[in-house]
There are 2 protein chains.
Amino acid sequence: MEYSDKQVQIMEAAETLFAAKGFNGTSVRDISETAHVNQAMISYYFGSKEKLFEAMFAYRSGFFKLQLENMLQNKELTPMEKMEQLIDQYILKLTNQQCFHRIMVKEQMMNNNEFITAQIHEMKLRNQGLIKQLIQEGQDKGFFKKDIDVPLMMMTMVGTVSQLVTTQHFYKEINGLQDMPDAEFQQHIRTKLSQHLKKIFNVILSNEE
Amino acid sequence: MEYSDKQVQIMEAAETLFAAKGFNGTSVRDISETAHVNQAMISYYFGSKEKLFEAMFAYRSGFFKLQLENMLQNKELTPMEKMEQLIDQYILKLTNQQCFHRIMVKEQMMNNNEFITAQIHEMKLRNQGLIKQLIQEGQDKGFFKKDIDVPLMMMTMVGTVSQLVTTQHFYKEINGLQDMPDAEFQQHIRTKLSQHLKKIFNVILSNEE
DNA sequence: AAAAATTAATTAAACGTTTGTTTAAATTAA
DNA sequence: TTAATTTAAACAAACGTTTAATTAATTTTT
């Protein structure tokens, strides 16, 4: 689906507002004002507020897809190196698309919209499949342990990053980082998360003692 | 604050509905029907929908508090045993109060309501303080490593459990557990999470090689 | 202990807003 | 000239809250 500049404008305004105030907390008037368009344009272009939401979600989830295929097929990387790249890629995507991530957290918790639930499900299946393959490769080559619970391992990666991103306000205060400029703070949590998760995954996965 | 049966009825209906459909997605009429009371009773008892939300949150967050003090002072437990009990206690609280937890996830992500944000902040500070003490004790006694990032460690515990609880629908499908009775499934994830987190925390914390 | 007076609880209806969507006219582009 | 875009206004429906009347419970007075 191709969108005009104006349609993208509307979707981006909707994304920001839905992330901050939720779907029901955001009015069509809010969106149209933020996007600087007449409120009737939303129904005109997207059919309804709900359809705008779905269009925005599909549009952004394209951006959000992890680019794993090429990296996983790279034969110059060890399985552990691939795993570490996967971690960094996930951290980067999520910290760069925080609005969309907040919306996703809410949607996968609620299951209110069938279309979106299906999209999330598909995304999860795809990622889980690729990671399973990677784990298998590592096990076949003798780098990884045999008994690895992939879904649970993913819960820890996704959960840790998500928890920090969605509660960064509290994290800042607890660690006295209120005055750190935001760009620096974002880099700070990226680095911290990367080190932390790589350490954990090394232990969970690695065969060497 | 003491509440009559009817007030508790209203708060419990509100909790369930807010968890499933969000604050703005739930109408006062919804709540009053679910609680089998006249819709004017909500303003009569609580003042407003928003105040009902705050009252419900405060009421439930009392239940939700982890009972850590006594356990942490028990001198017959090693620091690692205490850490493991903390993990199990957290898993139990969260899996037993899933509605409240969903509301908390949304609220700490949104920061829409000052009163509730302050409550969550207080809860987090308290827990973090107790855990820091426990880590310190473990380090002083030579059981734990010296360089432990407590906030990040907490992100992994809270994040992993929260991720599984809030996306259990997907976890079920991905693992082909759709037909498992719910009580059994809840026990299943409790056990899995407990083993998984204890393994990770042993590695992060333990000094022995 | 009974009656009266007072307070609290409960109700259905109504209030004024805000909501998402549609309309029909006006403007722009093809 | 035709089609697509944009607009302000209007729409009914749903919203949170208030009202005023009624019933139930409690307290005070006899």
# chains A, B, ... in the order shown; residues from 1 in each chain; ligands from 1
$ closest_atom_pairs --of "chain D" --to "chain A" --cutoff "10 Å" --atoms "only C-alpha atoms (C1' of nucleotides)" --output "JSON lines"
{"residue": "D:DT5", "atom": "C1'", "partner": "A:Met41", "partner_atom": "CA", "distance": 9.1}
{"residue": "D:DT6", "atom": "C1'", "partner": "A:Asn38", "partner_atom": "CA", "distance": 7.5}
{"residue": "D:DT7", "atom": "C1'", "partner": "A:Asn38", "partner_atom": "CA", "distance": 7.2}
{"residue": "D:DA8", "atom": "C1'", "partner": "A:Asn38", "partner_atom": "CA", "distance": 9.4}
$ select_by_dssp --residues "region 35-189 of chain B" --states "alpha helix (DSSP H)" --output "JSON, numbers by chain"
{"B": [40, 41, 42, 43, 44, 45, 46, 49, 50, 51, 52, 53, 54, 55, 56, 57, 58, 59, 60, 61, 62, 63, 64, 69, 70, 71, 72, 73, 79, 80, 81, 82, 83, 84, 85, 86, 87, 88, 89, 90, 91, 92, 93, 94, 95, 96, 98, 99, 100, 101, 102, 103, 104, 105, 106, 107, 108, 109, 110, 114, 115, 116, 117, 118, 119, 120, 121, 122, 123, 124, 125, 126, 127, 128, 129, 130, 131, 132, 133, 134, 135, 136, 137, 138, 139, 140, 150, 151, 152, 153, 154, 155, 156, 157, 158, 159, 160, 161, 162, 163, 164, 165, 166, 168, 169, 170, 171, 172, 173, 174, 182, 183, 184, 185, 186, 187, 188, 189]}
$ write_last_selection --atoms "C-alpha atoms" --output "compact mmCIF listing (two decimals), in the first residue's frame"
# COMPACT_ATOMS: atom_id res chain seq x y z
CA ALA B 40 -25.00 7.08 39.99
CA MET B 41 -23.49 5.06 42.86
CA ILE B 42 -20.04 5.48 41.36
CA SER B 43 -20.09 9.25 41.64
CA TYR B 44 -21.92 8.94 44.95
CA TYR B 45 -19.26 6.73 46.56
CA PHE B 46 -16.08 7.72 44.78
CA LYS B 49 -14.65 7.69 37.47
CA GLU B 50 -11.07 8.91 37.84
CA LYS B 51 -11.26 8.88 41.63
CA LEU B 52 -12.70 5.35 41.50
CA PHE B 53 -9.68 4.35 39.44
CA GLU B 54 -7.32 5.84 42.00
CA ALA B 55 -9.17 4.26 44.91
CA MET B 56 -9.12 0.87 43.20
CA PHE B 57 -5.43 1.19 42.44
CA ALA B 58 -4.53 2.12 46.02
CA TYR B 59 -6.74 -0.69 47.36
CA ARG B 60 -5.12 -3.33 45.16
CA SER B 61 -1.57 -2.09 45.47
CA GLY B 62 -1.89 -2.84 49.16
CA PHE B 63 -2.58 -6.49 48.27
CA PHE B 64 0.18 -6.35 45.70
CA GLU B 69 10.84 -7.58 55.20
CA ASN B 70 10.40 -10.68 57.35
CA MET B 71 11.89 -12.99 54.78
CA LEU B 72 14.93 -10.80 54.25
CA GLN B 73 15.63 -10.68 57.99
CA PRO B 79 21.50 -14.51 50.50
CA MET B 80 20.99 -16.73 47.44
CA GLU B 81 18.12 -18.56 49.11
CA LYS B 82 16.53 -15.19 49.88
CA MET B 83 16.99 -14.11 46.28
CA GLU B 84 15.27 -17.29 45.12
CA GLN B 85 12.38 -16.73 47.51
CA LEU B 86 12.09 -13.19 46.22
CA ILE B 87 11.83 -14.49 42.66
CA ASP B 88 9.14 -16.99 43.59
CA GLN B 89 7.22 -14.42 45.58
CA TYR B 90 7.28 -11.99 42.68
CA ILE B 91 6.16 -14.65 40.19
CA LEU B 92 3.33 -15.67 42.51
CA LYS B 93 2.08 -12.13 43.12
CA LEU B 94 2.11 -11.28 39.47
CA THR B 95 0.45 -14.45 38.20
CA ASN B 96 -2.21 -14.16 40.90
CA GLN B 98 -2.95 -10.38 36.44
CA CYS B 99 -5.68 -7.78 36.04
CA PHE B 100 -3.96 -5.40 38.38
CA HIS B 101 -0.64 -6.07 36.73
CA ARG B 102 -1.99 -5.22 33.29
CA ILE B 103 -3.28 -1.93 34.64
CA MET B 104 0.10 -1.24 36.21
CA VAL B 105 1.93 -1.95 32.96
CA LYS B 106 -0.25 0.56 31.16
CA GLU B 107 0.01 3.18 33.88
CA GLN B 108 3.77 3.08 34.27
CA MET B 109 4.05 3.36 30.51
CA MET B 110 1.66 6.30 30.23
CA GLU B 114 -0.07 11.82 38.87
CA PHE B 115 -1.49 10.06 41.91
CA ILE B 116 -0.92 6.63 40.43
CA THR B 117 2.50 7.46 39.02
CA ALA B 118 3.54 8.55 42.51
CA GLN B 119 2.25 5.29 44.00
CA ILE B 120 4.14 3.18 41.49
CA HIS B 121 7.27 5.21 42.05
CA GLU B 122 7.05 4.66 45.79
CA MET B 123 6.54 0.92 45.32
CA LYS B 124 9.55 0.68 43.02
CA LEU B 125 11.81 2.67 45.32
CA ARG B 126 10.85 0.48 48.25
CA ASN B 127 11.48 -2.78 46.45
CA GLN B 128 14.72 -1.57 44.93
CA GLY B 129 15.96 -0.48 48.36
CA LEU B 130 15.25 -3.85 49.95
CA ILE B 131 16.90 -5.72 47.11
CA LYS B 132 19.96 -3.49 47.23
CA GLN B 133 20.29 -4.38 50.91
CA LEU B 134 20.05 -8.06 50.10
CA ILE B 135 22.71 -7.78 47.41
CA GLN B 136 24.93 -5.88 49.82
CA GLU B 137 24.52 -8.62 52.41
CA GLY B 138 25.47 -11.25 49.86
CA GLN B 139 28.50 -9.28 48.81
CA ASP B 140 29.62 -8.66 52.39
CA VAL B 150 20.75 -3.92 40.62
CA PRO B 151 18.31 -1.85 38.51
CA LEU B 152 19.21 -3.79 35.38
CA MET B 153 18.94 -7.09 37.20
CA MET B 154 15.45 -6.08 38.34
CA MET B 155 14.54 -5.18 34.76
CA THR B 156 15.28 -8.76 33.79
CA MET B 157 13.26 -10.29 36.60
CA VAL B 158 10.28 -7.96 36.26
CA GLY B 159 10.53 -7.82 32.47
CA THR B 160 10.69 -11.57 31.92
CA VAL B 161 7.74 -12.34 34.18
CA SER B 162 5.72 -9.41 32.89
CA GLN B 163 6.40 -10.29 29.28
CA LEU B 164 5.19 -13.85 29.75
CA VAL B 165 2.10 -12.84 31.70
CA THR B 166 1.04 -10.09 29.30
CA GLN B 168 0.59 -15.55 27.48
CA HIS B 169 -1.93 -15.88 24.68
CA PHE B 170 0.88 -15.91 22.11
CA TYR B 171 3.05 -18.14 24.30
CA LYS B 172 0.25 -20.69 24.47
CA GLU B 173 -0.21 -20.81 20.72
CA ILE B 174 3.48 -20.87 19.89
CA ASP B 182 -5.90 -22.56 32.62
CA ALA B 183 -5.02 -23.50 36.20
CA GLU B 184 -2.51 -26.02 34.88
CA PHE B 185 -1.12 -23.49 32.43
CA GLN B 186 -0.63 -20.92 35.19
CA GLN B 187 1.26 -23.49 37.24
CA HIS B 188 3.28 -24.39 34.16
CA ILE B 189 4.49 -20.84 33.60
$ interface_residues --of "chain C" --to "chain A" --cutoff "9 Å" --atoms "only C-alpha atoms (C1' of nucleotides)" --output "VMD selection string"
chain C and resid 19 to 22
$ write_last_selection --atoms "C-alpha atoms (C1' of nucleotides)" --output "short mmCIF file (atom, residue, chain, number, x, y, z; two decimals), in the first residue's frame"
data_model
loop_
_atom_site.label_atom_id
_atom_site.label_comp_id
_atom_site.auth_asym_id
_atom_site.auth_seq_id
_atom_site.Cartn_x
_atom_site.Cartn_y
_atom_site.Cartn_z
"C1'" DT C 19 -17.46 11.46 20.52
"C1'" DG C 20 -16.88 9.35 15.45
"C1'" DT C 21 -18.94 9.92 11.24
"C1'" DT C 22 -21.57 11.99 7.38
#
$ atom_distance --atom1 "CA of Thr34 (chain B)" --atom2 "CA of Gly22 (chain B)"
15.2 Å
$ closest_residue --among "B:Ala35, B:Leu68, B:Leu205, B:Ala20" --to "chain A" --atoms "only C-alpha atoms"
B:Ala20
$ atom_distance --atom1 "C1' of DA20 (chain D)" --atom2 "C1' of DA5 (chain C)"
20.6 Å
